[in-house]
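As provided, data01.pdb (PDB, C-alpha atoms) reads as follows.
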ATOM      1  CA  MET A   1      89.743  97.104 132.866
ATOM      2  CA  GLU A   2      88.569 100.698 132.616
ATOM      3  CA  THR A   3      88.772 102.288 129.185
ATOM      4  CA  MET A   4      89.341 105.896 128.283
ATOM      5  CA  SER A   5      86.162 107.884 127.894
ATOM      6  CA  SER A   6      85.273 111.450 127.132
ATOM      7  CA  GLU A   7      85.255 112.007 130.912
ATOM      8  CA  SER A   8      88.853 110.798 131.439
ATOM      9  CA  PRO A   9      90.523 114.204 130.887
ATOM     10  CA  ILE A  10      88.227 115.690 133.519
ATOM     11  CA  ARG A  11      89.190 112.929 135.972
ATOM     12  CA  LEU A  12      92.877 113.619 135.359
ATOM     13  CA  LEU A  13      92.318 117.273 136.219
ATOM     14  CA  GLU A  14      90.556 116.227 139.411
ATOM     15  CA  ILE A  15      93.500 114.021 140.351
ATOM     16  CA  GLU A  16      95.945 116.841 139.636
ATOM     17  CA  LYS A  17      93.908 119.186 141.864
ATOM     18  CA  GLU A  18      93.849 116.581 144.642
ATOM     19  CA  LEU A  19      97.622 116.204 144.434
ATOM     20  CA  ALA A  20      98.034 119.967 144.782
ATOM     21  CA  GLY A  21      95.454 120.364 147.540
ATOM     22  CA  PRO A  22      95.584 120.244 151.325
ATOM     23  CA  ASN A  23      95.198 116.442 151.392
ATOM     24  CA  ALA A  24      97.914 115.826 148.797
ATOM     25  CA  ALA A  25      99.768 113.231 150.865
ATOM     26  CA  ALA A  26      96.632 111.135 151.358
ATOM     27  CA  ALA A  27      95.746 111.419 147.659
ATOM     28  CA  LEU A  28      99.261 110.340 146.680
ATOM     29  CA  ARG A  29      99.069 107.316 148.986
ATOM     30  CA  ARG A  30      95.625 106.356 147.664
ATOM     31  CA  TYR A  31      96.541 106.579 143.970
ATOM     32  CA  ASP A  32      99.921 104.961 144.506
ATOM     33  CA  ALA A  33      98.250 102.065 146.336
ATOM     34  CA  VAL A  34      96.075 101.407 143.283
ATOM     35  CA  LEU A  35      99.126 101.422 141.013
ATOM     36  CA  ALA A  36     101.109  99.281 143.484
ATOM     37  CA  GLY A  37      98.312  96.709 143.459
ATOM     38  CA  LEU A  38      98.395  96.590 139.672
ATOM     39  CA  ASP A  39     102.190  96.322 139.813
ATOM     40  CA  ALA A  40     101.967  93.284 142.099
ATOM     41  CA  ARG A  41      99.336  91.558 139.961
ATOM     42  CA  LEU A  42     101.322  92.144 136.774
ATOM     43  CA  ALA A  43     104.578  90.949 138.350
ATOM     44  CA  GLU A  44     102.837  87.794 139.550
ATOM     45  CA  ALA A  45     101.343  87.116 136.111
ATOM     46  CA  LEU A  46     104.690  87.672 134.408
ATOM     47  CA  ALA A  47     106.451  85.381 136.895
ATOM     48  CA  ARG A  48     103.855  82.608 136.465
ATOM     49  CA  GLY A  49     104.303  82.651 132.731
ATOM     50  CA  LEU A  50     101.924  83.672 130.009
ATOM     51  CA  PRO A  51     101.451  82.899 126.330
ATOM     52  CA  PRO A  52     103.790  85.077 124.213
ATOM     53  CA  GLU A  53     101.105  87.521 123.029
ATOM     54  CA  GLU A  54      99.789  88.032 126.569
ATOM     55  CA  TYR A  55     103.279  88.211 128.046
ATOM     56  CA  GLU A  56     104.228  91.037 125.684
ATOM     57  CA  ARG A  57     101.084  93.024 126.530
ATOM     58  CA  CYS A  58     101.559  92.517 130.260
ATOM     59  CA  ALA A  59     105.233  93.455 130.050
ATOM     60  CA  ARG A  60     104.312  96.729 128.301
ATOM     61  CA  LEU A  61     101.579  97.401 130.858
ATOM     62  CA  TYR A  62     104.055  96.702 133.672
ATOM     63  CA  GLU A  63     106.473  99.269 132.202
ATOM     64  CA  ALA A  64     103.639 101.793 131.771
ATOM     65  CA  ASN A  65     102.609 101.262 135.379
ATOM     66  CA  VAL A  66     106.156 101.951 136.588
ATOM     67  CA  LEU A  67     106.119 105.189 134.594
ATOM     68  CA  ALA A  68     102.673 106.096 135.938
ATOM     69  CA  ARG A  69     103.952 105.757 139.497
ATOM     70  CA  LYS A  70     106.905 108.020 138.685
ATOM     71  CA  VAL A  71     104.646 110.609 137.047
ATOM     72  CA  LEU A  72     102.328 110.474 140.058
ATOM     73  CA  ARG A  73     105.219 111.228 142.399
ATOM     74  CA  LEU A  74     106.438 114.060 140.169
ATOM     75  CA  ALA A  75     102.925 115.545 139.996
ATOM     76  CA  ALA A  76     102.642 115.381 143.783
ATOM     77  CA  ALA A  77     106.103 116.907 144.266
ATOM     78  CA  LYS A  78     105.364 119.929 142.082
ATOM     79  CA  GLY A  79     102.075 120.601 143.884
TER      80      GLY A  79
END
Show how you would write the structure in this file as structure tokens.
Amino acid sequence: METMSSESPIRLLEIEKELAGPNAAAALRRYDAVLAGLDARLAEALARGLPPEEYERCARLYEANVLARKVLRLAAAKG
């Protein structure tokens, strides 16, 4: 899993610019596909069953991923 680094804010700005640029639709599809893949893997893990401490972390990550997809769509819509 990728961790936040000092370069992460710069990457977020790049993503925001992509979502506002001429290829916004393609950028939205690309980033949403990454989040959709994570969504599917998390849903599968939660459905299979996990130890309580892992289940709680995955459930929170699943919720965060849902929010990330919504924020991505909002960012693309405003661009």
- Item | One-decimal distance in Å that lies between atom CA of Glu63 of chain A and atom CA of Ala75 of chain A |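 Value for the atom CA of Ala75 of chain A-atom CA of Glu63 of chain A distance: 18.4 Å.
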- Message: Nearest residue to Leu42 of chain A out of A:Ile10, A:Ala77, A:Ala59, A:Val71, using all atoms listed in the file?
- Response: A:Ala59
Picked residues, the PyMOL selection byres ((chain A and resi 73) around 12), expected as a short mmCIF file (atom, residue, chain, number, x, y, z; two decimals) with C-alpha atoms, keeping the file's coordinate frame:
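Okay, this is what ended up in expr-v1.cif:
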data_model
loop_
_atom_site.label_atom_id
_atom_site.label_comp_id
_atom_site.auth_asym_id
_atom_site.auth_seq_id
_atom_site.Cartn_x
_atom_site.Cartn_y
_atom_site.Cartn_z
CA GLU A 16 95.94 116.84 139.64
CA LEU A 19 97.62 116.20 144.43
CA ALA A 20 98.03 119.97 144.78
CA ALA A 24 97.91 115.83 148.80
CA ALA A 25 99.77 113.23 150.86
CA ALA A 27 95.75 111.42 147.66
CA LEU A 28 99.26 110.34 146.68
CA ARG A 29 99.07 107.32 148.99
CA ARG A 30 95.62 106.36 147.66
CA TYR A 31 96.54 106.58 143.97
CA ASP A 32 99.92 104.96 144.51
CA LEU A 35 99.13 101.42 141.01
CA VAL A 66 106.16 101.95 136.59
CA LEU A 67 106.12 105.19 134.59
CA ALA A 68 102.67 106.10 135.94
CA ARG A 69 103.95 105.76 139.50
CA LYS A 70 106.90 108.02 138.68
CA VAL A 71 104.65 110.61 137.05
CA LEU A 72 102.33 110.47 140.06
CA LEU A 74 106.44 114.06 140.17
CA ALA A 75 102.92 115.54 140.00
CA ALA A 76 102.64 115.38 143.78
CA ALA A 77 106.10 116.91 144.27
CA LYS A 78 105.36 119.93 142.08
CA GLY A 79 102.08 120.60 143.88
#
- Message: Report, in Å to a single decimal, how far apart atom CA of Gly21 of chain A and atom CA of Leu61 of chain A are.
- Response: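 Separating atom CA of Leu61 of chain A from atom CA of Gly21 of chain A is a distance of 29.0 Å.
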Around segment 54-66 of chain A, fit a box with edges along x, y and z, padding it by 3 Å on each side, then list its centre and edge lengths in Å to one decimal as lines of an AutoDock Vina configuration file.
center_x = 103.1
center_y = 95.0
center_z = 131.1
size_x = 12.7
size_y = 19.9
size_z = 16.9
- Item | Point-to-point distance in Å for atom CA of Tyr62 of chain A and atom CA of Ala43 of chain A |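 About the pair atom CA of Ala43 of chain A and atom CA of Tyr62 of chain A: they are 7.4 Å apart.
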- Task: Run the PyMOL selection byres ((chain A and resi 44-47) around 12) mentally over the shown coordinates, then write out the matched residues as number ranges by chain, using the chain letters and numbers from the document.
- Result: A: 37-43, 48-63
Reconstruct segment 6-36 of chain A at the level of N, CA and C atoms, and format the result as a PDB file, in the coordinates of the input.
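Once everything was written out, this is result-v2.pdb:
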ATOM      1  N   SER A   6      85.240 110.000 127.286  1.00  0.00           N
ATOM      2  CA  SER A   6      85.273 111.450 127.132  1.00  0.00           C
ATOM      3  C   SER A   6      85.404 112.146 128.489  1.00  0.00           C
ATOM      4  N   GLU A   7      85.135 111.428 129.573  1.00  0.00           N
ATOM      5  CA  GLU A   7      85.255 112.007 130.912  1.00  0.00           C
ATOM      6  C   GLU A   7      86.655 111.851 131.501  1.00  0.00           C
ATOM      7  N   SER A   8      87.523 111.049 130.891  1.00  0.00           N
ATOM      8  CA  SER A   8      88.853 110.798 131.439  1.00  0.00           C
ATOM      9  C   SER A   8      89.684 112.053 131.621  1.00  0.00           C
ATOM     10  N   PRO A   9      89.737 112.984 130.653  1.00  0.00           N
ATOM     11  CA  PRO A   9      90.523 114.204 130.887  1.00  0.00           C
ATOM     12  C   PRO A   9      90.046 114.984 132.111  1.00  0.00           C
ATOM     13  N   ILE A  10      88.761 115.005 132.345  1.00  0.00           N
ATOM     14  CA  ILE A  10      88.227 115.690 133.519  1.00  0.00           C
ATOM     15  C   ILE A  10      88.725 114.994 134.780  1.00  0.00           C
ATOM     16  N   ARG A  11      88.732 113.686 134.807  1.00  0.00           N
ATOM     17  CA  ARG A  11      89.190 112.929 135.972  1.00  0.00           C
ATOM     18  C   ARG A  11      90.668 113.209 136.238  1.00  0.00           C
ATOM     19  N   LEU A  12      91.465 113.316 135.173  1.00  0.00           N
ATOM     20  CA  LEU A  12      92.877 113.619 135.359  1.00  0.00           C
ATOM     21  C   LEU A  12      93.069 114.989 135.988  1.00  0.00           C
ATOM     22  N   LEU A  13      92.250 115.948 135.604  1.00  0.00           N
ATOM     23  CA  LEU A  13      92.318 117.273 136.219  1.00  0.00           C
ATOM     24  C   LEU A  13      91.943 117.215 137.696  1.00  0.00           C
ATOM     25  N   GLU A  14      90.954 116.392 138.009  1.00  0.00           N
ATOM     26  CA  GLU A  14      90.556 116.227 139.411  1.00  0.00           C
ATOM     27  C   GLU A  14      91.701 115.630 140.229  1.00  0.00           C
ATOM     28  N   ILE A  15      92.374 114.651 139.662  1.00  0.00           N
ATOM     29  CA  ILE A  15      93.500 114.021 140.351  1.00  0.00           C
ATOM     30  C   ILE A  15      94.615 115.040 140.563  1.00  0.00           C
ATOM     31  N   GLU A  16      94.901 115.823 139.517  1.00  0.00           N
ATOM     32  CA  GLU A  16      95.945 116.841 139.636  1.00  0.00           C
ATOM     33  C   GLU A  16      95.603 117.848 140.733  1.00  0.00           C
ATOM     34  N   LYS A  17      94.333 118.249 140.814  1.00  0.00           N
ATOM     35  CA  LYS A  17      93.908 119.186 141.864  1.00  0.00           C
ATOM     36  C   LYS A  17      94.058 118.554 143.245  1.00  0.00           C
ATOM     37  N   GLU A  18      93.699 117.273 143.357  1.00  0.00           N
ATOM     38  CA  GLU A  18      93.849 116.581 144.642  1.00  0.00           C
ATOM     39  C   GLU A  18      95.306 116.560 145.076  1.00  0.00           C
ATOM     40  N   LEU A  19      96.200 116.299 144.117  1.00  0.00           N
ATOM     41  CA  LEU A  19      97.622 116.204 144.434  1.00  0.00           C
ATOM     42  C   LEU A  19      98.230 117.553 144.795  1.00  0.00           C
ATOM     43  N   ALA A  20      97.552 118.628 144.442  1.00  0.00           N
ATOM     44  CA  ALA A  20      98.034 119.967 144.782  1.00  0.00           C
ATOM     45  C   ALA A  20      97.289 120.547 145.981  1.00  0.00           C
ATOM     46  N   GLY A  21      96.293 119.845 146.468  1.00  0.00           N
ATOM     47  CA  GLY A  21      95.454 120.364 147.540  1.00  0.00           C
ATOM     48  C   GLY A  21      95.980 120.066 148.930  1.00  0.00           C
ATOM     49  N   PRO A  22      95.168 120.404 149.926  1.00  0.00           N
ATOM     50  CA  PRO A  22      95.584 120.244 151.325  1.00  0.00           C
ATOM     51  C   PRO A  22      95.737 118.786 151.754  1.00  0.00           C
ATOM     52  N   ASN A  23      95.084 117.874 151.061  1.00  0.00           N
ATOM     53  CA  ASN A  23      95.198 116.442 151.392  1.00  0.00           C
ATOM     54  C   ASN A  23      96.044 115.703 150.366  1.00  0.00           C
ATOM     55  N   ALA A  24      97.073 116.385 149.863  1.00  0.00           N
ATOM     56  CA  ALA A  24      97.914 115.826 148.797  1.00  0.00           C
ATOM     57  C   ALA A  24      98.581 114.513 149.205  1.00  0.00           C
ATOM     58  N   ALA A  25      99.067 114.443 150.421  1.00  0.00           N
ATOM     59  CA  ALA A  25      99.768 113.231 150.865  1.00  0.00           C
ATOM     60  C   ALA A  25      98.830 112.023 150.873  1.00  0.00           C
ATOM     61  N   ALA A  26      97.611 112.228 151.340  1.00  0.00           N
ATOM     62  CA  ALA A  26      96.632 111.135 151.358  1.00  0.00           C
ATOM     63  C   ALA A  26      96.250 110.731 149.938  1.00  0.00           C
ATOM     64  N   ALA A  27      96.086 111.716 149.055  1.00  0.00           N
ATOM     65  CA  ALA A  27      95.746 111.419 147.659  1.00  0.00           C
ATOM     66  C   ALA A  27      96.876 110.635 147.000  1.00  0.00           C
ATOM     67  N   LEU A  28      98.109 111.048 147.237  1.00  0.00           N
ATOM     68  CA  LEU A  28      99.261 110.340 146.680  1.00  0.00           C
ATOM     69  C   LEU A  28      99.282 108.896 147.156  1.00  0.00           C
ATOM     70  N   ARG A  29      99.076 108.690 148.449  1.00  0.00           N
ATOM     71  CA  ARG A  29      99.069 107.316 148.986  1.00  0.00           C
ATOM     72  C   ARG A  29      97.957 106.489 148.363  1.00  0.00           C
ATOM     73  N   ARG A  30      96.777 107.077 148.214  1.00  0.00           N
ATOM     74  CA  ARG A  30      95.625 106.356 147.664  1.00  0.00           C
ATOM     75  C   ARG A  30      95.876 105.950 146.208  1.00  0.00           C
ATOM     76  N   TYR A  31      96.304 106.897 145.381  1.00  0.00           N
ATOM     77  CA  TYR A  31      96.541 106.579 143.970  1.00  0.00           C
ATOM     78  C   TYR A  31      97.735 105.646 143.797  1.00  0.00           C
ATOM     79  N   ASP A  32      98.764 105.844 144.600  1.00  0.00           N
ATOM     80  CA  ASP A  32      99.921 104.961 144.506  1.00  0.00           C
ATOM     81  C   ASP A  32      99.563 103.538 144.934  1.00  0.00           C
ATOM     82  N   ALA A  33      98.671 103.403 145.897  1.00  0.00           N
ATOM     83  CA  ALA A  33      98.250 102.065 146.336  1.00  0.00           C
ATOM     84  C   ALA A  33      97.546 101.318 145.206  1.00  0.00           C
ATOM     85  N   VAL A  34      96.747 102.033 144.435  1.00  0.00           N
ATOM     86  CA  VAL A  34      96.075 101.407 143.283  1.00  0.00           C
ATOM     87  C   VAL A  34      97.120 100.919 142.279  1.00  0.00           C
ATOM     88  N   LEU A  35      98.088 101.792 141.973  1.00  0.00           N
ATOM     89  CA  LEU A  35      99.126 101.422 141.013  1.00  0.00           C
ATOM     90  C   LEU A  35     100.027 100.319 141.568  1.00  0.00           C
ATOM     91  N   ALA A  36     100.297 100.332 142.862  1.00  0.00           N
ATOM     92  CA  ALA A  36     101.109  99.281 143.484  1.00  0.00           C
ATOM     93  C   ALA A  36     100.396  97.935 143.401  1.00  0.00           C
TER      94      ALA A  36
END
